[in-house]
>>> print(open('upload27.cif').read())   # mmCIF, C-alpha atoms and all ligand atoms
data_my_file
loop_
_atom_site.label_atom_id
_atom_site.label_comp_id
_atom_site.auth_asym_id
_atom_site.auth_seq_id
_atom_site.Cartn_x
_atom_site.Cartn_y
_atom_site.Cartn_z
CA MET A 1 25.32 -10.21 -35.50
CA ALA A 2 25.03 -6.53 -34.65
CA SER A 3 21.52 -5.67 -33.54
CA THR A 4 19.68 -3.32 -35.80
CA ALA A 5 17.13 -1.35 -33.86
CA HIS A 6 13.86 -0.68 -35.57
CA PRO A 7 13.40 3.10 -35.93
CA ASP A 8 10.41 2.93 -33.54
CA ALA A 9 12.43 1.21 -30.83
CA GLN A 10 12.97 4.09 -28.45
CA GLU A 11 11.89 5.12 -24.98
CA GLY A 12 8.14 5.71 -24.87
CA THR A 13 7.29 3.34 -27.72
CA ALA A 14 5.92 -0.20 -27.49
CA SER A 15 9.35 -1.80 -27.47
CA GLY A 16 10.40 0.53 -24.62
CA VAL A 17 7.39 -0.64 -22.64
CA LEU A 18 8.30 -4.30 -23.20
CA ALA A 19 11.85 -3.65 -22.02
CA ARG A 20 10.53 -2.03 -18.86
CA MET A 21 8.11 -4.92 -18.31
CA SER A 22 10.78 -7.56 -18.56
CA ALA A 23 13.18 -5.58 -16.37
CA ARG A 24 10.70 -5.67 -13.44
CA GLY A 25 9.03 -8.99 -14.30
CA HIS A 26 5.63 -7.71 -15.40
CA GLU A 27 3.40 -10.24 -17.17
CA GLN A 28 1.01 -7.96 -19.02
CA VAL A 29 0.23 -4.30 -19.58
CA VAL A 30 -3.05 -3.30 -21.17
CA PHE A 31 -3.71 0.13 -22.64
CA ALA A 32 -7.46 0.78 -22.71
CA SER A 33 -9.45 3.59 -24.24
CA ASP A 34 -13.07 4.58 -24.78
CA PRO A 35 -13.19 7.81 -26.80
CA ALA A 36 -16.92 8.33 -26.17
CA SER A 37 -16.42 8.77 -22.41
CA GLY A 38 -12.85 10.09 -22.50
CA TYR A 39 -11.66 6.98 -20.64
CA ARG A 40 -7.92 6.30 -21.01
CA ALA A 41 -6.24 3.82 -18.73
CA ILE A 42 -3.33 1.48 -18.20
CA VAL A 43 -3.81 -1.84 -16.40
CA ALA A 44 -0.56 -3.45 -15.28
CA ILE A 45 -0.40 -7.07 -14.16
CA HIS A 46 2.89 -7.74 -12.44
CA SER A 47 2.35 -11.30 -11.29
CA THR A 48 -0.33 -13.98 -11.19
CA ARG A 49 2.08 -16.56 -9.82
CA ILE A 50 0.16 -17.20 -6.59
CA GLY A 51 -3.28 -15.96 -7.68
CA PRO A 52 -5.11 -13.39 -9.77
CA ALA A 53 -3.51 -9.96 -9.70
CA LEU A 54 -5.26 -7.73 -7.17
CA GLY A 55 -4.84 -3.97 -6.97
CA GLY A 56 -6.92 -0.82 -6.91
CA THR A 57 -7.75 1.69 -9.60
CA ARG A 58 -6.07 5.06 -9.20
CA MET A 59 -7.53 8.09 -10.98
CA TRP A 60 -5.14 10.96 -11.48
CA ALA A 61 -4.55 13.83 -13.92
CA TYR A 62 -1.12 12.49 -14.93
CA ALA A 63 0.95 15.06 -16.80
CA THR A 64 2.11 12.44 -19.31
CA GLU A 65 1.31 8.88 -20.35
CA GLU A 66 4.87 8.03 -19.37
CA ALA A 67 4.18 9.13 -15.77
CA ALA A 68 1.00 7.04 -15.73
CA LEU A 69 2.84 3.98 -17.03
CA THR A 70 5.62 4.41 -14.47
CA ASP A 71 3.04 4.57 -11.68
CA ALA A 72 1.15 1.51 -12.97
CA LEU A 73 4.35 -0.56 -13.26
CA ARG A 74 5.70 0.50 -9.86
CA LEU A 75 2.43 0.12 -7.97
CA SER A 76 1.53 -3.26 -9.48
CA GLU A 77 4.95 -4.66 -8.55
CA GLY A 78 4.49 -3.34 -5.00
CA MET A 79 1.13 -5.16 -4.80
CA THR A 80 2.80 -8.47 -5.67
CA TYR A 81 5.14 -8.14 -2.68
CA LYS A 82 2.44 -6.85 -0.36
CA ALA A 83 0.14 -9.78 -1.16
CA ALA A 84 2.88 -12.41 -0.97
CA ALA A 85 4.20 -11.08 2.34
CA ALA A 86 0.71 -10.90 3.82
CA GLY A 87 -0.07 -14.49 2.84
CA VAL A 88 -3.14 -13.67 0.74
CA PRO A 89 -3.85 -15.73 -2.41
CA PHE A 90 -3.29 -12.93 -4.90
CA GLY A 91 -0.70 -11.56 -7.24
CA GLY A 92 -0.06 -7.90 -7.95
CA GLY A 93 -1.79 -5.55 -10.35
CA LYS A 94 -2.87 -1.94 -10.59
CA SER A 95 -4.89 0.30 -12.88
CA VAL A 96 -4.37 3.96 -13.51
CA VAL A 97 -7.11 6.00 -15.15
CA ILE A 98 -5.66 9.11 -16.76
CA ALA A 99 -8.28 11.76 -16.01
CA ASP A 100 -9.02 14.66 -13.73
CA PRO A 101 -11.08 13.20 -10.86
CA LYS A 102 -12.88 16.54 -10.50
CA THR A 103 -14.25 16.71 -14.06
CA ALA A 104 -14.43 13.11 -15.36
CA ASP A 105 -17.78 11.59 -16.40
CA ARG A 106 -17.53 9.00 -13.65
CA PRO A 107 -20.40 6.63 -14.57
CA ALA A 108 -19.24 6.36 -18.20
CA VAL A 109 -15.52 6.22 -17.35
CA PHE A 110 -15.90 3.50 -14.72
CA ARG A 111 -18.25 1.42 -16.90
CA ALA A 112 -15.57 1.56 -19.62
CA HIS A 113 -13.01 0.53 -17.01
CA GLY A 114 -15.25 -2.38 -16.03
CA ARG A 115 -15.22 -3.58 -19.64
CA ALA A 116 -11.42 -3.38 -19.73
CA VAL A 117 -11.18 -5.37 -16.48
CA GLU A 118 -13.73 -7.92 -17.77
CA GLY A 119 -11.56 -8.41 -20.85
CA LEU A 120 -8.83 -9.80 -18.61
CA GLY A 121 -11.07 -12.73 -17.71
CA GLY A 122 -10.38 -12.72 -13.96
CA ARG A 123 -6.59 -12.45 -14.18
CA TYR A 124 -6.98 -9.01 -12.58
CA ILE A 125 -9.34 -7.92 -9.78
CA THR A 126 -9.69 -4.24 -9.02
CA SER A 127 -10.85 -2.09 -6.10
CA VAL A 128 -10.56 1.50 -4.85
CA ASP A 129 -7.41 3.59 -4.61
CA ILE A 130 -6.46 7.29 -4.62
CA GLY A 131 -9.03 9.28 -6.62
CA THR A 132 -11.66 6.52 -6.71
CA SER A 133 -14.46 5.57 -4.30
CA PRO A 134 -16.71 2.61 -3.50
CA ASP A 135 -19.43 4.38 -5.54
CA ASP A 136 -17.18 4.31 -8.64
CA MET A 137 -16.77 0.57 -8.16
CA ARG A 138 -20.55 0.16 -8.55
CA TYR A 139 -20.17 1.30 -12.17
CA VAL A 140 -17.24 -1.08 -12.68
CA ARG A 141 -19.45 -3.85 -11.23
CA GLU A 142 -22.09 -3.24 -13.92
CA GLU A 143 -19.59 -4.60 -16.46
CA THR A 144 -17.55 -7.16 -14.51
CA THR A 145 -17.64 -9.31 -11.37
CA HIS A 146 -13.86 -8.90 -10.92
CA VAL A 147 -14.13 -5.96 -8.54
CA GLY A 148 -14.14 -5.45 -4.76
CA GLY A 149 -14.49 -2.46 -2.44
CA LEU A 150 -18.16 -1.90 -3.27
CA PRO A 151 -20.24 0.27 -0.93
CA THR A 152 -22.64 -2.61 -0.26
CA THR A 153 -20.07 -5.11 0.95
CA VAL A 154 -17.50 -5.10 3.73
CA GLY A 155 -16.98 -1.35 4.14
CA ASP A 156 -13.97 0.74 5.16
CA PRO A 157 -10.72 -1.28 5.45
CA SER A 158 -8.96 1.46 7.47
CA PRO A 159 -9.55 0.01 10.96
CA ALA A 160 -8.01 -3.27 9.72
CA THR A 161 -5.06 -1.36 8.29
CA ALA A 162 -4.64 0.40 11.64
CA ARG A 163 -4.71 -2.92 13.50
CA GLY A 164 -2.00 -4.28 11.21
CA VAL A 165 0.13 -1.19 11.84
CA GLN A 166 -0.34 -1.68 15.58
CA ARG A 167 0.95 -5.26 15.23
CA ALA A 168 3.96 -4.02 13.25
CA ILE A 169 4.67 -1.42 15.96
CA GLU A 170 4.45 -4.10 18.65
CA ALA A 171 6.78 -6.39 16.69
CA SER A 172 9.29 -3.56 16.20
CA LEU A 173 9.26 -2.72 19.92
CA HIS A 174 9.73 -6.41 20.67
CA HIS A 175 12.75 -6.35 18.34
CA VAL A 176 14.43 -3.28 19.87
CA ARG A 177 13.31 -3.59 23.50
CA GLY A 178 12.45 -7.25 23.99
CA SER A 179 8.84 -6.38 24.90
CA ALA A 180 5.86 -5.68 22.66
CA ASP A 181 3.93 -3.98 25.47
CA LEU A 182 2.56 -0.58 24.41
CA ALA A 183 1.68 0.63 27.91
CA GLY A 184 3.70 3.73 28.72
CA ARG A 185 5.29 3.95 25.24
CA THR A 186 5.21 7.25 23.37
CA ILE A 187 4.05 7.10 19.76
CA ALA A 188 4.14 10.05 17.34
CA ILE A 189 1.47 9.76 14.63
CA GLN A 190 1.76 11.81 11.43
CA GLY A 191 -1.68 12.06 9.82
CA LEU A 192 -4.99 11.43 11.59
CA GLY A 193 -7.18 10.46 8.64
CA HIS A 194 -8.88 7.12 8.02
CA VAL A 195 -6.00 5.01 9.33
CA GLY A 196 -4.32 7.50 11.72
CA TYR A 197 -7.51 8.10 13.71
CA HIS A 198 -8.14 4.40 14.32
CA LEU A 199 -4.47 3.80 15.07
CA ALA A 200 -4.59 6.58 17.70
CA ARG A 201 -7.68 4.96 19.25
CA MET A 202 -6.08 1.50 19.37
CA LEU A 203 -2.76 2.72 20.77
CA HIS A 204 -4.55 4.84 23.39
CA ASP A 205 -6.63 1.80 24.42
CA ALA A 206 -3.38 -0.16 24.80
CA GLY A 207 -2.01 2.45 27.20
CA ALA A 208 0.34 4.37 24.92
CA ARG A 209 0.97 8.11 25.18
CA LEU A 210 0.32 9.94 21.90
CA ILE A 211 1.93 12.86 20.12
CA ALA A 212 0.11 13.64 16.88
CA SER A 213 -0.32 16.06 14.04
CA ASP A 214 -2.54 16.71 11.03
CA THR A 215 -2.74 19.62 8.62
CA ASN A 216 -6.50 19.43 9.23
CA ASP A 217 -7.05 21.16 12.62
CA GLU A 218 -10.41 19.48 13.26
CA ARG A 219 -8.90 16.01 12.94
CA ALA A 220 -6.07 16.94 15.29
CA ALA A 221 -8.48 18.46 17.83
CA ARG A 222 -10.65 15.33 17.80
CA VAL A 223 -7.71 13.04 18.58
CA ALA A 224 -6.53 15.42 21.32
CA LYS A 225 -10.00 15.41 22.88
CA GLU A 226 -10.80 11.72 22.56
CA PHE A 227 -7.39 10.16 23.25
CA GLY A 228 -5.48 12.89 25.09
CA ALA A 229 -2.91 13.28 22.31
CA GLN A 230 -0.42 16.13 22.49
CA ILE A 231 -0.76 18.00 19.18
CA VAL A 232 2.34 19.38 17.45
CA ALA A 233 2.86 21.27 14.18
CA PRO A 234 2.92 19.13 11.00
CA GLU A 235 6.44 20.40 10.17
CA SER A 236 7.88 19.03 13.41
CA ILE A 237 6.04 15.76 14.13
CA HIS A 238 8.92 13.67 12.76
CA THR A 239 11.28 15.33 15.25
CA ALA A 240 9.13 14.46 18.30
CA LYS A 241 10.94 12.53 21.00
CA ALA A 242 9.10 9.22 21.01
CA ASP A 243 9.62 5.47 21.04
CA VAL A 244 7.88 5.15 17.67
CA PHE A 245 7.22 7.45 14.72
CA ALA A 246 4.19 6.32 12.69
CA PRO A 247 3.87 7.98 9.25
CA CYS A 248 0.18 7.77 8.27
CA ALA A 249 -0.17 10.74 5.90
CA PHE A 250 1.86 10.54 2.68
CA GLY A 251 4.71 8.68 0.96
CA ALA A 252 8.39 9.55 0.53
CA GLY A 253 8.53 11.26 3.95
CA LEU A 254 11.69 9.41 5.02
CA SER A 255 14.60 11.01 3.21
CA PRO A 256 18.07 12.48 3.83
CA ALA A 257 16.22 15.68 4.76
CA THR A 258 14.14 14.13 7.56
CA ILE A 259 15.97 11.00 8.79
CA PRO A 260 18.78 12.89 10.61
CA ALA A 261 16.11 14.76 12.64
CA LEU A 262 14.22 11.66 13.84
CA ARG A 263 14.25 11.11 17.61
CA CYS A 264 12.67 7.67 17.79
CA GLU A 265 13.83 4.05 17.90
CA VAL A 266 11.19 2.66 15.57
CA VAL A 267 9.46 3.83 12.38
CA ALA A 268 6.27 1.90 11.62
CA GLY A 269 3.22 3.36 9.93
CA ALA A 270 0.55 3.03 7.26
CA ALA A 271 1.80 5.33 4.51
CA ASN A 272 2.73 3.70 1.21
CA ASN A 273 6.28 4.08 -0.15
CA GLN A 274 7.63 5.79 2.96
CA LEU A 275 11.27 5.77 1.81
CA LEU A 276 12.15 8.44 -0.76
CA SER A 277 14.70 6.00 -2.21
CA ASP A 278 16.12 2.57 -1.40
CA ALA A 279 19.20 4.22 0.11
CA ASP A 280 17.05 5.68 2.89
CA GLY A 281 16.59 2.19 4.34
CA ALA A 282 20.34 2.08 4.92
CA LEU A 283 20.26 5.59 6.38
CA LEU A 284 17.71 4.50 9.00
CA GLU A 285 19.80 1.41 9.73
CA LYS A 286 22.88 3.59 10.25
CA ARG A 287 20.98 5.61 12.83
CA SER A 288 19.94 2.33 14.56
CA ILE A 289 16.28 3.05 13.91
CA ALA A 290 14.21 -0.12 13.35
CA TYR A 291 12.07 0.36 10.26
CA ALA A 292 9.01 -1.87 9.77
CA PRO A 293 8.77 -1.94 5.96
CA ASP A 294 5.61 -0.18 4.80
CA PHE A 295 4.23 -2.95 2.61
CA ILE A 296 4.43 -5.36 5.56
CA ALA A 297 2.97 -2.95 8.12
CA ASN A 298 0.09 -1.61 6.01
CA ALA A 299 -1.23 -4.86 4.50
CA GLY A 300 -4.25 -4.94 6.84
CA GLY A 301 -6.59 -3.33 4.29
CA LEU A 302 -5.63 -5.90 1.66
CA ILE A 303 -6.16 -8.74 4.14
CA TYR A 304 -9.55 -7.28 5.04
CA LEU A 305 -10.57 -7.21 1.36
CA CYS A 306 -10.18 -11.03 1.28
CA GLN A 307 -13.60 -11.34 2.95
CA GLU A 308 -15.09 -9.88 -0.19
CA VAL A 309 -12.84 -11.15 -2.97
CA ALA A 310 -11.63 -14.50 -1.60
CA GLY A 311 -14.57 -15.54 0.61
CA TRP A 312 -12.49 -15.51 3.80
CA THR A 313 -14.27 -15.67 7.16
CA ALA A 314 -13.88 -12.80 9.63
CA GLU A 315 -11.92 -15.21 11.82
CA ARG A 316 -9.40 -15.94 9.04
CA VAL A 317 -9.04 -12.22 8.34
CA ALA A 318 -8.38 -11.54 12.03
CA ARG A 319 -5.85 -14.37 12.29
CA THR A 320 -3.96 -13.19 9.20
CA LEU A 321 -3.98 -9.60 10.47
CA GLU A 322 -2.44 -10.70 13.76
CA GLY A 323 0.23 -12.49 11.70
CA ILE A 324 1.69 -9.12 10.69
CA PHE A 325 3.51 -9.32 14.04
CA ASP A 326 5.34 -12.53 13.07
CA THR A 327 6.05 -11.32 9.53
CA THR A 328 7.62 -8.13 10.88
CA VAL A 329 9.75 -10.08 13.38
CA ALA A 330 10.87 -12.41 10.55
CA VAL A 331 11.96 -9.39 8.50
CA PHE A 332 14.06 -7.98 11.35
CA ASP A 333 15.61 -11.41 11.96
CA ALA A 334 16.49 -11.83 8.27
CA ALA A 335 17.94 -8.30 8.18
CA SER A 336 20.18 -9.05 11.19
CA LYS A 337 21.32 -12.42 9.78
CA ARG A 338 22.04 -11.06 6.31
CA GLY A 339 23.53 -7.77 7.50
CA ILE A 340 21.17 -5.70 5.34
CA PRO A 341 18.54 -3.03 6.10
CA SER A 342 15.04 -4.28 6.96
CA SER A 343 13.63 -2.61 3.83
CA GLU A 344 15.90 -4.76 1.67
CA ALA A 345 15.34 -7.91 3.75
CA ALA A 346 11.57 -7.56 3.33
CA VAL A 347 11.86 -7.53 -0.46
CA GLN A 348 14.42 -10.36 -0.49
CA ILE A 349 12.45 -12.78 1.67
CA THR A 350 9.20 -11.97 -0.13
CA ARG A 351 10.83 -12.62 -3.53
CA GLU A 352 12.20 -15.91 -2.20
CA ARG A 353 8.75 -16.92 -0.98
CA LEU A 354 7.27 -16.01 -4.37
CA ASN A 355 9.87 -17.93 -6.33
CA ALA A 356 9.28 -21.02 -4.19
CA ALA A 357 5.49 -20.88 -4.71
CA PRO A 358 4.00 -23.21 -7.34
CA ARG A 359 2.87 -21.29 -10.39
CA LEU A 360 -0.88 -21.28 -11.06
CA ALA A 361 -1.84 -22.56 -14.48
CA THR A 362 -4.10 -19.70 -15.47
CA GLY A 363 -3.91 -16.96 -12.90
CA ARG A 364 -7.69 -17.24 -12.60
CA PRO A 365 -9.46 -17.19 -9.23
CA ARG A 366 -9.49 -20.58 -7.53
P1 LIG A 401 -6.40 9.91 4.62
O1 LIG A 401 -6.36 10.80 3.45
O2 LIG A 401 -7.73 9.53 5.20
O3 LIG A 401 -5.52 10.53 5.81
C1 LIG A 401 -4.32 11.21 5.63
C2 LIG A 401 -4.28 12.32 6.67
O4 LIG A 401 -3.01 12.94 6.62
C3 LIG A 401 -5.33 13.42 6.43
O5 LIG A 401 -6.06 13.63 7.62
C4 LIG A 401 -4.48 14.63 6.05
O6 LIG A 401 -5.06 15.86 6.46
C5 LIG A 401 -3.19 14.34 6.79
N1 LIG A 401 -2.01 15.04 6.29
C6 LIG A 401 -1.73 15.42 5.01
N2 LIG A 401 -0.53 16.05 4.96
C7 LIG A 401 -0.06 16.06 6.24
C8 LIG A 401 1.12 16.57 6.85
N3 LIG A 401 2.04 17.20 6.14
N4 LIG A 401 1.29 16.39 8.17
C9 LIG A 401 0.35 15.76 8.92
N5 LIG A 401 -0.80 15.27 8.39
C10 LIG A 401 -1.00 15.43 7.08
O7 LIG A 401 -5.58 8.60 4.20
P2 LIG A 401 -5.61 7.18 4.91
O8 LIG A 401 -6.59 6.30 4.22
O9 LIG A 401 -5.66 7.36 6.39
O10 LIG A 401 -4.17 6.62 4.50
C11 LIG A 401 -2.98 7.15 5.07
C12 LIG A 401 -1.77 6.55 4.38
O11 LIG A 401 -1.82 5.13 4.48
C13 LIG A 401 -1.72 6.82 2.86
O12 LIG A 401 -0.36 6.91 2.47
C14 LIG A 401 -2.34 5.58 2.26
O13 LIG A 401 -1.88 5.35 0.93
C15 LIG A 401 -1.83 4.52 3.20
N6 LIG A 401 -2.66 3.31 3.26
C16 LIG A 401 -3.95 3.38 3.63
C17 LIG A 401 -4.73 2.22 3.71
C18 LIG A 401 -6.18 2.27 4.14
O14 LIG A 401 -6.74 1.22 4.47
N7 LIG A 401 -6.82 3.44 4.20
C19 LIG A 401 -4.16 0.97 3.42
C20 LIG A 401 -2.79 0.92 3.06
C21 LIG A 401 -2.06 2.10 2.99
#
>>> encode(input="upload27.cif", output="structure tokens")
Amino acid sequence: MASTAHPDAQEGTASGVLARMSARGHEQVVFASDPASGYRAIVAIHSTRIGPALGGTRMWAYATEEAALTDALRLSEGMTYKAAAAGVPFGGGKSVVIADPKTADRPAVFRAHGRAVEGLGGRYITSVDIGTSPDDMRYVREETTHVGGLPTTVGDPSPATARGVQRAIEASLHHVRGSADLAGRTIAIQGLGHVGYHLARMLHDAGARLIASDTNDERAARVAKEFGAQIVAPESIHTAKADVFAPCAFGAGLSPATIPALRCEVVAGAANNQLLSDADGALLEKRSIAYAPDFIANAGGLIYLCQEVAGWTAERVARTLEGIFDTTVAVFDAASKRGIPSSEAAVQITRERLNAAPRLATGRPR
């Protein structure tokens, strides 16, 4: 029988959303609104296969609802892989609040968000992300217990993220040079913010030589003074001659425009979504540059959050963080065996691990 499309069945309508959900495997997308506070949000749950969906709340003045939905779908799927690869008992989710972070009525907006999260009954646990802070999570907490990243609990995850990146760098060096030793290696760090600063400190302590850059001169000067880093212009940091290039500033920095100019053997850093497109993984491979996939290298913050949201001990957090070394090595090994770029191997082996995991009955916290 020829299918007869309902007149509403077009891109941007509910049936378009369902098609996009099933294409990427999303379980649930919730549109939430509270006209009194101006709160408008989308909560996307990609997977609760191995545990409740965990993922922060992003607040952004999205130009369109379509752009917000795209972000929520993409980011929640990424969280599923990040959690599964890191070995934490969570699935992937994400919220996007469509509002200008500079003008929003934060207490009212985040209380409304708390009610939306509460309505999911524990299938989704939220935390901070771009545009939101631990203080905002206090308002979410007034309405639901399914929230982490509060100012009163475990604090800044960035040092843990930096430690995980260090382990990914060591694993990558082990892969290309047969030794994970950082002493005497040159590492170029792009971005010296929350993660970049701590990464610089850790690499310096391990005996590495640093080249670094930040668009904020004070941050660059501090790292030069404290860790002896050579500071270069932000436009040229990716061209620095180094063993490792560590992007710790922004996403989509690895592209056909920048990859040909790299002068390193390894790329491993904290930034999310470092590749502009999937094809850039192959471009790095062609240049024989070992790429530690971002969602493997930067999972330290998520692992750290398990103290608060999964009751892990500090010892278990530390052990799992150290495991980023082995996970990174496993990705390079799978990439070599399968003859594919490491970026692709990371997604493949994580999907395989997910598919082999027993499905939880409810997706509720255990
Ligand atoms: P941040 O905002 O504290 O630091 C980013 C730094 O990059 C800032 O100092 C900024 O001035 C600098 N910067 C911006 N543009 C630059 C440019 N063109 N060249 C050089 N420097 C530039 O952010 P963060 O928390 O350190 O996170 C860094 C990256 O890691 C982000 O992509 C973030 O999404 C990702 N990440 C962070 C965590 C975490 O625990 N903080 C966890 C996972 C992933």
>>> residues_near_ligand(input="upload27.cif", ligand="ligand LIG 401 (chain A)", cutoff="9 Å", atoms="all atoms listed in the file", output="ChimeraX atom specification")
/A:129-130,156-162,189-198,212-217,219-220,233-237,247-251,269-274,294-295,297-302,304
>>> residues_around(input="upload27.cif", residues="Pro134 (chain A)", least_positions_apart="3", cutoff="6 Å", atoms="only C-alpha atoms", output="list in words")
Met137, Gly149, Leu150 and Pro151 of chain A
>>> atom_distance(input="upload27.cif", atom1="CA of Ile296 (chain A)", atom2="CA of Leu199 (chain A)")
15.9 Å
>>> residues_around(input="upload27.cif", residues="Ser277 (chain A)", least_positions_apart="4", cutoff="10 Å", atoms="all atoms listed in the file", output="ChimeraX atom specification")
/A:252,254-256,273,281-282
>>> closest_residue(input="upload27.cif", among="A:Arg359, A:His204, A:Arg353, A:Arg24", to="Ala83 (chain A)", atoms="only C-alpha atoms")
A:Arg353
>>> closest_residue(input="upload27.cif", among="A:Leu354, A:Ala168, A:Gly253, A:Arg20", to="Ile324 (chain A)", atoms="all atoms listed in the file")
A:Ala168
>>> atom_distance(input="upload27.cif", atom1="CA of Thr186 (chain A)", atom2="CA of Glu344 (chain A)")
27.0 Å
>>> build_atoms(input="upload27.cif", residues="region 263-278 of chain A", atoms="N, CA and C atoms", output="PDB file, in the frame of the given file")
ATOM      1  N   ARG A 263      13.835  11.392  16.236  1.00  0.00           N
ATOM      2  CA  ARG A 263      14.250  11.110  17.610  1.00  0.00           C
ATOM      3  C   ARG A 263      13.417   9.949  18.161  1.00  0.00           C
ATOM      4  N   CYS A 264      13.456   8.849  17.407  1.00  0.00           N
ATOM      5  CA  CYS A 264      12.670   7.670  17.790  1.00  0.00           C
ATOM      6  C   CYS A 264      13.557   6.443  17.598  1.00  0.00           C
ATOM      7  N   GLU A 265      13.075   5.299  18.105  1.00  0.00           N
ATOM      8  CA  GLU A 265      13.830   4.050  17.900  1.00  0.00           C
ATOM      9  C   GLU A 265      13.212   3.176  16.829  1.00  0.00           C
ATOM     10  N   VAL A 266      11.933   3.479  16.529  1.00  0.00           N
ATOM     11  CA  VAL A 266      11.190   2.660  15.570  1.00  0.00           C
ATOM     12  C   VAL A 266      10.426   3.567  14.619  1.00  0.00           C
ATOM     13  N   VAL A 267      10.395   3.200  13.329  1.00  0.00           N
ATOM     14  CA  VAL A 267       9.460   3.830  12.380  1.00  0.00           C
ATOM     15  C   VAL A 267       8.553   2.723  11.873  1.00  0.00           C
ATOM     16  N   ALA A 268       7.252   2.891  12.099  1.00  0.00           N
ATOM     17  CA  ALA A 268       6.270   1.900  11.620  1.00  0.00           C
ATOM     18  C   ALA A 268       4.948   2.623  11.416  1.00  0.00           C
ATOM     19  N   GLY A 269       4.463   2.635  10.191  1.00  0.00           N
ATOM     20  CA  GLY A 269       3.220   3.360   9.930  1.00  0.00           C
ATOM     21  C   GLY A 269       2.504   2.818   8.716  1.00  0.00           C
ATOM     22  N   ALA A 270       1.433   3.516   8.326  1.00  0.00           N
ATOM     23  CA  ALA A 270       0.550   3.030   7.260  1.00  0.00           C
ATOM     24  C   ALA A 270       0.895   3.570   5.882  1.00  0.00           C
ATOM     25  N   ALA A 271       1.598   4.682   5.807  1.00  0.00           N
ATOM     26  CA  ALA A 271       1.800   5.330   4.510  1.00  0.00           C
ATOM     27  C   ALA A 271       2.483   4.387   3.525  1.00  0.00           C
ATOM     28  N   ASN A 272       2.084   4.496   2.264  1.00  0.00           N
ATOM     29  CA  ASN A 272       2.730   3.700   1.210  1.00  0.00           C
ATOM     30  C   ASN A 272       4.038   4.354   0.790  1.00  0.00           C
ATOM     31  N   ASN A 273       5.014   3.560   0.394  1.00  0.00           N
ATOM     32  CA  ASN A 273       6.280   4.080  -0.150  1.00  0.00           C
ATOM     33  C   ASN A 273       6.899   5.158   0.732  1.00  0.00           C
ATOM     34  N   GLN A 274       7.141   4.795   1.991  1.00  0.00           N
ATOM     35  CA  GLN A 274       7.630   5.790   2.960  1.00  0.00           C
ATOM     36  C   GLN A 274       9.051   6.265   2.666  1.00  0.00           C
ATOM     37  N   LEU A 275       9.878   5.375   2.094  1.00  0.00           N
ATOM     38  CA  LEU A 275      11.270   5.770   1.810  1.00  0.00           C
ATOM     39  C   LEU A 275      11.309   6.551   0.490  1.00  0.00           C
ATOM     40  N   LEU A 276      12.014   7.675   0.499  1.00  0.00           N
ATOM     41  CA  LEU A 276      12.150   8.440  -0.760  1.00  0.00           C
ATOM     42  C   LEU A 276      12.914   7.601  -1.783  1.00  0.00           C
ATOM     43  N   SER A 277      13.975   6.908  -1.311  1.00  0.00           N
ATOM     44  CA  SER A 277      14.700   6.000  -2.210  1.00  0.00           C
ATOM     45  C   SER A 277      15.201   4.812  -1.394  1.00  0.00           C
ATOM     46  N   ASP A 278      15.649   3.772  -2.085  1.00  0.00           N
ATOM     47  CA  ASP A 278      16.120   2.570  -1.400  1.00  0.00           C
ATOM     48  C   ASP A 278      17.241   2.882  -0.406  1.00  0.00           C
TER      49      ASP A 278
END
